[in-house]
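Student: My structure is stored as protein_27.pdb, with PDB, C-alpha atoms, pLDDT in the B column.
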ATOM      1  CA  MET D   1     -94.016  69.916  75.360  1.00 63.00           C
ATOM      2  CA  LYS D   2     -92.755  70.304  71.806  1.00 67.00           C
ATOM      3  CA  ALA D   3     -89.879  72.532  72.898  1.00 73.00           C
ATOM      4  CA  TYR D   4     -88.975  70.141  75.716  1.00 71.00           C
ATOM      5  CA  TYR D   5     -88.701  67.086  73.474  1.00 66.00           C
ATOM      6  CA  HIS D   6     -86.783  69.017  70.832  1.00 64.00           C
ATOM      7  CA  ALA D   7     -84.302  70.107  73.520  1.00 69.00           C
ATOM      8  CA  ARG D   8     -84.124  66.556  74.870  1.00 69.00           C
ATOM      9  CA  ALA D   9     -83.327  64.856  71.542  1.00 66.00           C
ATOM     10  CA  LEU D  10     -79.641  64.128  72.175  1.00 66.00           C
ATOM     11  CA  GLU D  11     -80.336  62.638  75.605  1.00 71.00           C
ATOM     12  CA  TYR D  12     -83.729  61.034  74.935  1.00 72.00           C
ATOM     13  CA  ASP D  13     -82.336  57.491  74.869  1.00 71.00           C
ATOM     14  CA  ASP D  14     -80.667  57.926  78.273  1.00 67.00           C
ATOM     15  CA  CYS D  15     -83.895  56.879  80.020  1.00 70.00           C
ATOM     16  CA  TRP D  16     -84.187  53.679  77.988  1.00 70.00           C
ATOM     17  CA  LEU D  17     -80.496  52.816  78.331  1.00 68.00           C
ATOM     18  CA  GLY D  18     -79.840  53.970  81.899  1.00 69.00           C
ATOM     19  CA  ARG D  19     -77.282  56.617  80.955  1.00 70.00           C
ATOM     20  CA  GLY D  20     -76.707  60.230  82.005  1.00 70.00           C
ATOM     21  CA  ARG D  21     -79.085  61.342  84.774  1.00 68.00           C
ATOM     22  CA  PHE D  22     -80.642  57.862  84.754  1.00 71.00           C
ATOM     23  CA  ALA D  23     -77.380  56.017  85.481  1.00 71.00           C
ATOM     24  CA  GLU D  24     -77.689  56.524  89.232  1.00 73.00           C
ATOM     25  CA  ARG D  25     -81.335  55.439  89.510  1.00 72.00           C
ATOM     26  CA  ASP D  26     -82.122  52.180  91.244  1.00 70.00           C
ATOM     27  CA  ARG D  27     -84.265  50.392  88.650  1.00 68.00           C
ATOM     28  CA  PRO D  28     -83.931  46.638  89.196  1.00 73.00           C
ATOM     29  CA  GLY D  29     -85.298  44.668  86.267  1.00 75.00           C
ATOM     30  CA  TRP D  30     -85.581  47.761  84.050  1.00 73.00           C
ATOM     31  CA  HIS D  31     -83.463  46.504  81.137  1.00 82.00           C
ATOM     32  CA  GLU D  32     -85.177  43.111  81.169  1.00 90.00           C
ATOM     33  CA  GLU D  33     -88.601  44.751  81.050  1.00 91.00           C
ATOM     34  CA  VAL D  34     -87.558  47.055  78.213  1.00 91.00           C
ATOM     35  CA  ALA D  35     -86.463  43.946  76.287  1.00 93.00           C
ATOM     36  CA  GLU D  36     -89.835  42.271  77.005  1.00 96.00           C
ATOM     37  CA  LEU D  37     -91.723  45.337  75.773  1.00 96.00           C
ATOM     38  CA  MET D  38     -89.691  45.455  72.562  1.00 96.00           C
ATOM     39  CA  ALA D  39     -90.315  41.726  72.022  1.00 97.00           C
ATOM     40  CA  ALA D  40     -94.069  42.322  72.396  1.00 97.00           C
ATOM     41  CA  ILE D  41     -93.874  45.105  69.799  1.00 98.00           C
ATOM     42  CA  GLU D  42     -91.860  42.908  67.422  1.00 98.00           C
ATOM     43  CA  ALA D  43     -94.531  40.181  67.804  1.00 98.00           C
ATOM     44  CA  LEU D  44     -97.224  42.416  66.285  1.00 98.00           C
ATOM     45  CA  PRO D  45     -98.328  41.205  62.846  1.00 98.00           C
ATOM     46  CA  PRO D  46     -96.512  43.168  60.124  1.00 98.00           C
ATOM     47  CA  ALA D  47     -98.577  46.134  58.969  1.00 98.00           C
ATOM     48  CA  LYS D  48     -98.311  49.413  57.118  1.00 98.00           C
ATOM     49  CA  THR D  49     -97.685  51.477  60.246  1.00 98.00           C
ATOM     50  CA  LEU D  50     -97.569  55.147  61.125  1.00 98.00           C
ATOM     51  CA  ASP D  51     -95.388  55.685  64.205  1.00 98.00           C
ATOM     52  CA  VAL D  52     -96.611  58.949  65.735  1.00 98.00           C
ATOM     53  CA  ALA D  53     -94.114  60.970  67.793  1.00 95.00           C
ATOM     54  CA  CYS D  54     -91.344  58.511  66.939  1.00 96.00           C
ATOM     55  CA  GLY D  55     -88.636  60.448  68.770  1.00 93.00           C
ATOM     56  CA  THR D  56     -85.175  59.007  68.143  1.00 94.00           C
ATOM     57  CA  GLY D  57     -86.565  55.803  66.638  1.00 95.00           C
ATOM     58  CA  PHE D  58     -85.588  53.771  69.698  1.00 94.00           C
ATOM     59  CA  VAL D  59     -88.923  51.931  69.568  1.00 96.00           C
ATOM     60  CA  THR D  60     -89.566  52.474  65.844  1.00 97.00           C
ATOM     61  CA  LYS D  61     -86.812  50.025  64.906  1.00 97.00           C
ATOM     62  CA  HIS D  62     -88.856  47.205  66.510  1.00 98.00           C
ATOM     63  CA  LEU D  63     -92.046  47.806  64.517  1.00 98.00           C
ATOM     64  CA  PRO D  64     -92.756  45.048  61.967  1.00 98.00           C
ATOM     65  CA  GLY D  65     -93.849  45.930  58.455  1.00 98.00           C
ATOM     66  CA  GLU D  66     -93.632  49.079  56.351  1.00 98.00           C
ATOM     67  CA  VAL D  67     -93.123  52.029  58.694  1.00 98.00           C
ATOM     68  CA  THR D  68     -93.610  55.760  58.300  1.00 98.00           C
ATOM     69  CA  ALA D  69     -92.344  57.642  61.343  1.00 98.00           C
ATOM     70  CA  LEU D  70     -93.557  61.123  62.262  1.00 98.00           C
ATOM     71  CA  ASP D  71     -92.241  63.645  64.749  1.00 96.00           C
ATOM     72  CA  GLN D  72     -92.460  67.418  65.149  1.00 93.00           C
ATOM     73  CA  SER D  73     -88.761  67.705  66.045  1.00 92.00           C
ATOM     74  CA  GLU D  74     -86.139  67.712  63.307  1.00 93.00           C
ATOM     75  CA  ALA D  75     -83.505  66.989  65.963  1.00 91.00           C
ATOM     76  CA  MET D  76     -85.345  63.775  66.909  1.00 92.00           C
ATOM     77  CA  LEU D  77     -85.870  62.812  63.266  1.00 96.00           C
ATOM     78  CA  GLU D  78     -82.196  63.274  62.464  1.00 95.00           C
ATOM     79  CA  ILE D  79     -81.298  60.587  65.011  1.00 95.00           C
ATOM     80  CA  ALA D  80     -84.193  58.334  63.974  1.00 96.00           C
ATOM     81  CA  ARG D  81     -83.210  58.423  60.292  1.00 97.00           C
ATOM     82  CA  GLU D  82     -79.795  57.021  61.153  1.00 96.00           C
ATOM     83  CA  ARG D  83     -81.247  54.375  63.472  1.00 95.00           C
ATOM     84  CA  VAL D  84     -84.027  53.156  61.127  1.00 97.00           C
ATOM     85  CA  PRO D  85     -82.863  53.866  57.559  1.00 97.00           C
ATOM     86  CA  GLN D  86     -85.522  51.605  56.036  1.00 97.00           C
ATOM     87  CA  ALA D  87     -88.383  53.742  57.386  1.00 98.00           C
ATOM     88  CA  ALA D  88     -89.894  56.840  55.783  1.00 98.00           C
ATOM     89  CA  PHE D  89     -89.854  59.995  57.917  1.00 98.00           C
ATOM     90  CA  VAL D  90     -92.179  62.984  58.080  1.00 98.00           C
ATOM     91  CA  GLN D  91     -91.823  66.138  60.170  1.00 97.00           C
ATOM     92  CA  ALA D  92     -95.333  67.190  61.178  1.00 96.00           C
ATOM     93  CA  ASP D  93     -97.775  67.809  64.017  1.00 94.00           C
ATOM     94  CA  ALA D  94     -99.170  64.597  65.530  1.00 94.00           C
ATOM     95  CA  LEU D  95    -102.534  66.260  66.133  1.00 95.00           C
ATOM     96  CA  ASP D  96    -103.010  67.182  62.470  1.00 95.00           C
ATOM     97  CA  LEU D  97    -101.743  64.139  60.567  1.00 97.00           C
ATOM     98  CA  PRO D  98    -100.864  64.983  56.944  1.00 97.00           C
ATOM     99  CA  PHE D  99    -102.213  61.728  55.533  1.00 98.00           C
ATOM    100  CA  ALA D 100    -105.309  60.546  53.698  1.00 98.00           C
ATOM    101  CA  ASP D 101    -108.149  58.689  55.361  1.00 98.00           C
ATOM    102  CA  GLY D 102    -107.247  55.006  55.756  1.00 98.00           C
ATOM    103  CA  GLU D 103    -103.709  55.473  54.441  1.00 98.00           C
ATOM    104  CA  PHE D 104    -102.267  53.092  57.067  1.00 98.00           C
ATOM    105  CA  GLU D 105    -103.217  49.769  58.626  1.00 98.00           C
ATOM    106  CA  ARG D 106    -101.966  50.716  62.089  1.00 98.00           C
ATOM    107  CA  VAL D 107    -101.132  53.832  64.085  1.00 98.00           C
ATOM    108  CA  PHE D 108     -98.551  53.240  66.799  1.00 98.00           C
ATOM    109  CA  ALA D 109     -97.624  55.704  69.531  1.00 97.00           C
ATOM    110  CA  SER D 110     -95.009  55.130  72.213  1.00 93.00           C
ATOM    111  CA  TYR D 111     -95.463  57.321  75.319  1.00 88.00           C
ATOM    112  CA  PHE D 112     -96.816  60.256  73.313  1.00 93.00           C
ATOM    113  CA  TYR D 113    -100.360  59.505  74.485  1.00 95.00           C
ATOM    114  CA  CYS D 114     -99.241  59.836  78.128  1.00 93.00           C
ATOM    115  CA  HIS D 115     -98.559  63.546  77.586  1.00 92.00           C
ATOM    116  CA  LEU D 116    -101.883  64.568  76.071  1.00 95.00           C
ATOM    117  CA  GLU D 117    -104.381  66.622  78.020  1.00 93.00           C
ATOM    118  CA  GLU D 118    -108.084  66.155  77.289  1.00 90.00           C
ATOM    119  CA  PRO D 119    -108.574  68.316  74.169  1.00 92.00           C
ATOM    120  CA  GLU D 120    -105.388  66.989  72.553  1.00 95.00           C
ATOM    121  CA  ARG D 121    -106.251  63.399  73.498  1.00 94.00           C
ATOM    122  CA  VAL D 122    -109.635  63.612  71.782  1.00 95.00           C
ATOM    123  CA  ARG D 123    -108.076  65.211  68.715  1.00 96.00           C
ATOM    124  CA  PHE D 124    -105.299  62.627  68.480  1.00 97.00           C
ATOM    125  CA  LEU D 125    -107.698  59.684  68.763  1.00 97.00           C
ATOM    126  CA  ALA D 126    -109.891  61.140  66.020  1.00 97.00           C
ATOM    127  CA  GLU D 127    -106.880  61.619  63.750  1.00 97.00           C
ATOM    128  CA  ALA D 128    -105.484  58.157  64.501  1.00 97.00           C
ATOM    129  CA  ARG D 129    -108.843  56.512  63.761  1.00 97.00           C
ATOM    130  CA  ARG D 130    -109.130  58.549  60.565  1.00 98.00           C
ATOM    131  CA  VAL D 131    -105.861  57.304  59.070  1.00 98.00           C
ATOM    132  CA  ALA D 132    -105.887  53.655  60.286  1.00 98.00           C
ATOM    133  CA  PRO D 133    -108.317  51.015  61.569  1.00 98.00           C
ATOM    134  CA  GLU D 134    -105.967  49.828  64.334  1.00 98.00           C
ATOM    135  CA  LEU D 135    -104.289  51.768  67.135  1.00 98.00           C
ATOM    136  CA  VAL D 136    -101.455  50.428  69.303  1.00 98.00           C
ATOM    137  CA  ILE D 137    -100.405  52.485  72.316  1.00 97.00           C
ATOM    138  CA  SER D 138     -97.435  51.984  74.592  1.00 96.00           C
ATOM    139  CA  ALA D 139     -97.984  53.875  77.837  1.00 94.00           C
ATOM    140  CA  THR D 140     -96.773  54.175  81.406  1.00 91.00           C
ATOM    141  CA  ARG D 141     -98.386  51.938  84.010  1.00 92.00           C
ATOM    142  CA  ARG D 142     -99.729  53.465  87.221  1.00 91.00           C
ATOM    143  CA  LYS D 143     -98.561  51.837  90.423  1.00 83.00           C
ATOM    144  CA  GLY D 144     -98.922  52.511  94.123  1.00 79.00           C
ATOM    145  CA  ASP D 145    -100.121  55.955  95.143  1.00 81.00           C
ATOM    146  CA  ARG D 146     -98.842  57.729  92.027  1.00 81.00           C
ATOM    147  CA  PRO D 147    -101.478  60.213  90.796  1.00 86.00           C
ATOM    148  CA  PRO D 148    -103.090  59.346  87.464  1.00 91.00           C
ATOM    149  CA  ALA D 149    -102.193  62.718  85.941  1.00 90.00           C
ATOM    150  CA  HIS D 150    -100.048  65.665  86.977  1.00 86.00           C
ATOM    151  CA  TYR D 151     -97.299  68.020  85.875  1.00 91.00           C
ATOM    152  CA  GLU D 152     -93.767  66.771  86.495  1.00 85.00           C
ATOM    153  CA  GLU D 153     -90.523  68.696  86.556  1.00 89.00           C
ATOM    154  CA  ARG D 154     -87.957  67.324  84.143  1.00 85.00           C
ATOM    155  CA  ILE D 155     -84.309  68.400  84.282  1.00 83.00           C
ATOM    156  CA  LEU D 156     -82.091  68.026  81.235  1.00 83.00           C
ATOM    157  CA  ASN D 157     -78.334  67.502  81.232  1.00 76.00           C
ATOM    158  CA  ASP D 158     -77.795  71.213  80.555  1.00 83.00           C
ATOM    159  CA  GLY D 159     -79.624  72.000  83.821  1.00 83.00           C
ATOM    160  CA  SER D 160     -82.731  73.412  82.136  1.00 85.00           C
ATOM    161  CA  ARG D 161     -85.995  72.676  83.919  1.00 90.00           C
ATOM    162  CA  TRP D 162     -89.283  71.855  82.216  1.00 88.00           C
ATOM    163  CA  GLU D 163     -92.844  71.229  83.416  1.00 91.00           C
ATOM    164  CA  VAL D 164     -94.343  68.309  81.494  1.00 86.00           C
ATOM    165  CA  PHE D 165     -97.875  66.914  81.724  1.00 92.00           C
ATOM    166  CA  LYS D 166     -97.839  63.149  82.321  1.00 92.00           C
ATOM    167  CA  ARG D 167    -100.560  60.504  82.683  1.00 94.00           C
ATOM    168  CA  TYR D 168    -100.217  57.034  84.214  1.00 93.00           C
ATOM    169  CA  PHE D 169    -102.687  54.270  83.393  1.00 94.00           C
ATOM    170  CA  LEU D 170    -104.154  51.127  84.835  1.00 93.00           C
ATOM    171  CA  PRO D 171    -104.561  48.564  82.032  1.00 94.00           C
ATOM    172  CA  ASP D 172    -108.376  48.582  82.012  1.00 94.00           C
ATOM    173  CA  GLU D 173    -108.431  52.391  82.025  1.00 93.00           C
ATOM    174  CA  LEU D 174    -106.270  52.594  78.917  1.00 95.00           C
ATOM    175  CA  VAL D 175    -108.220  49.882  77.083  1.00 96.00           C
ATOM    176  CA  GLY D 176    -111.481  51.634  77.936  1.00 95.00           C
ATOM    177  CA  GLU D 177    -110.248  55.056  76.954  1.00 93.00           C
ATOM    178  CA  LEU D 178    -109.214  53.733  73.541  1.00 95.00           C
ATOM    179  CA  GLY D 179    -112.703  52.321  73.008  1.00 94.00           C
ATOM    180  CA  GLY D 180    -111.863  48.683  73.716  1.00 96.00           C
ATOM    181  CA  GLY D 181    -109.109  46.338  72.685  1.00 96.00           C
ATOM    182  CA  GLU D 182    -106.614  43.985  74.253  1.00 96.00           C
ATOM    183  CA  LEU D 183    -103.692  44.266  76.621  1.00 97.00           C
ATOM    184  CA  LEU D 184    -100.632  42.885  74.826  1.00 97.00           C
ATOM    185  CA  PHE D 185     -98.064  43.519  77.549  1.00 96.00           C
ATOM    186  CA  GLN D 186     -98.017  44.635  81.171  1.00 95.00           C
ATOM    187  CA  GLY D 187     -94.663  45.020  82.849  1.00 91.00           C
ATOM    188  CA  GLU D 188     -94.055  44.799  86.548  1.00 85.00           C
ATOM    189  CA  ARG D 189     -92.304  48.168  86.591  1.00 78.00           C
ATOM    190  CA  SER D 190     -93.581  50.606  84.062  1.00 86.00           C
ATOM    191  CA  PHE D 191     -94.888  49.479  80.696  1.00 92.00           C
ATOM    192  CA  LEU D 192     -98.262  48.832  79.083  1.00 96.00           C
ATOM    193  CA  LEU D 193     -98.957  47.895  75.476  1.00 97.00           C
ATOM    194  CA  VAL D 194    -102.561  47.975  74.215  1.00 97.00           C
ATOM    195  CA  ARG D 195    -103.992  47.227  70.783  1.00 98.00           C
ATOM    196  CA  SER D 196    -107.378  48.748  69.934  1.00 97.00           C
ATOM    197  CA  PRO D 197    -109.116  47.689  66.701  1.00 91.00           C
TER     198      PRO D 197
END
What would you get if you wrote out this structure as C-alpha cells?

Tutor:
Amino acid sequence: MKAYYHARALEYDDCWLGRGRFAERDRPGWHEEVAELMAAIEALPPAKTLDVACGTGFVTKHLPGEVTALDQSEAMLEIARERVPQAAFVQADALDLPFADGEFERVFASYFYCHLEEPERVRFLAEARRVAPELVISATRRKGDRPPAHYEERILNDGSRWEVFKRYFLPDELVGELGGGELLFQGERSFLLVRSP
C-alpha cells in the first residue's frame, strides 16, 4: 500500500476533483457531498490535531486548530506542504507514531483506516489512543451488495496496476469498532465521519 500511494501522489486529488480517470465516471451529487464532508470537518471544534496519512493535504486544509500532518510518502508531503503551509509536517510510519503520549488533542485520519487489515488496525488504534484522547475517522460508506472488505485493483494514469485492500463501513459498525462515539456525517454516496472520544 505504501508504494501504491507514493506512486499515486501526483494524481491523488483526481478522485476528489473528478479529473483524469475519474472524469468519465457518472457520480451525480459527488462534488456536493465532498463539500458537505469538508464542511462537517471544518465544524469540528479547533484542537491540536495529528492528521495521520495526510496525503496531499486535500482534507488537511479543512482541519480547524493547530495541525501536524504525517505521511510516509515524501511525494505526498511535498504537495501537502504547498497546500497547507501553516501546518507542520512529519514523514513517518502511521503505525509507529513518533510522538509522546498525549501529545495531541485529536487524531484525524481520512480514508487511511479503510485500508488497514486486522493486525494493522489494532496497532493503529492503540497508537492513536496513545497520542490523543479523541479520534476522528473519515471512511467509505458501504452500500448495496458491496462486500465489507476485499482487495481492489487500482490503475494509475501510467497504466500500472495495484492490488489494494479496502474496507467499507456501515455507520454503526465503524462507531462500534472505534469503541463508541458519534456519527458526525453520513453522505448519500460515499462518506462517513465519526468522532470517538

Student: Can you tell me how far CA of Gly176 (chain D) sits from CA of Phe124 (chain D), in Å to one decimal?

Tutor: 15.8 Å

Student: Mind checking which residues fall within 7 Å of region 159-173 of chain D, counting all atoms listed in the file, ignoring those fewer than 6 positions away in the same chain, and posting them as number ranges by chain?

Tutor: D: 1, 4, 114-115, 140-142, 148-153, 183, 192

Student: To test the calculation: enclose all listed atoms of region 126-141 of chain D in a box whose edges run along x, y and z, add 8 Å on each side, then state centre and edge lengths in Å to one decimal, as JSON.

Tutor:
{"center_x": -103.3, "center_y": 55.7, "center_z": 71.5, "size_x": 29.1, "size_y": 27.8, "size_z": 40.9}

Student: Identify which of the residues D:Leu184, D:Ala128, D:Ala43, D:Ala75 lies closest to Asp101 (chain D), counting only C-alpha atoms when measuring atom-to-atom distances.

Tutor: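 Looking at the shortest contact to Asp101 (chain D), the residue is D:Ala128.
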
Student: Which residues are near Val34 (chain D)? Cut-off 9 Å, only C-alpha atoms, ignore same chain within fewer than 5 positions. Put them as JSON, numbers by chain.

Tutor: {"D": [16, 29, 39, 187, 191]}

Student: Using all atoms listed in the file, collect all residues at a distance of at most 12 Å from (-90.3, 43.1, 73.6) as written in the file, then present them as a compact mmCIF listing (two decimals) with C-alpha atoms, in the coordinates of the input.

Tutor:
# COMPACT_ATOMS: atom_id res chain seq x y z
CA HIS D 31 -83.46 46.50 81.14
CA GLU D 32 -85.18 43.11 81.17
CA GLU D 33 -88.60 44.75 81.05
CA VAL D 34 -87.56 47.06 78.21
CA ALA D 35 -86.46 43.95 76.29
CA GLU D 36 -89.84 42.27 77.00
CA LEU D 37 -91.72 45.34 75.77
CA MET D 38 -89.69 45.46 72.56
CA ALA D 39 -90.32 41.73 72.02
CA ALA D 40 -94.07 42.32 72.40
CA ILE D 41 -93.87 45.10 69.80
CA GLU D 42 -91.86 42.91 67.42
CA ALA D 43 -94.53 40.18 67.80
CA LEU D 44 -97.22 42.42 66.28
CA VAL D 59 -88.92 51.93 69.57
CA LYS D 61 -86.81 50.02 64.91
CA HIS D 62 -88.86 47.20 66.51
CA LEU D 63 -92.05 47.81 64.52
CA SER D 138 -97.44 51.98 74.59
CA LEU D 184 -100.63 42.88 74.83
CA PHE D 185 -98.06 43.52 77.55
CA GLN D 186 -98.02 44.64 81.17
CA GLY D 187 -94.66 45.02 82.85
CA PHE D 191 -94.89 49.48 80.70
CA LEU D 192 -98.26 48.83 79.08
CA LEU D 193 -98.96 47.90 75.48

Student: For Glu134 (chain D), which residue out of D:Pro28, D:Gly181, D:Pro85, D:Gly55 is the nearest one, using all atoms listed in the file?

Tutor: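 Residue with the minimum atom-to-atom distance to Glu134 (chain D): D:Gly181.
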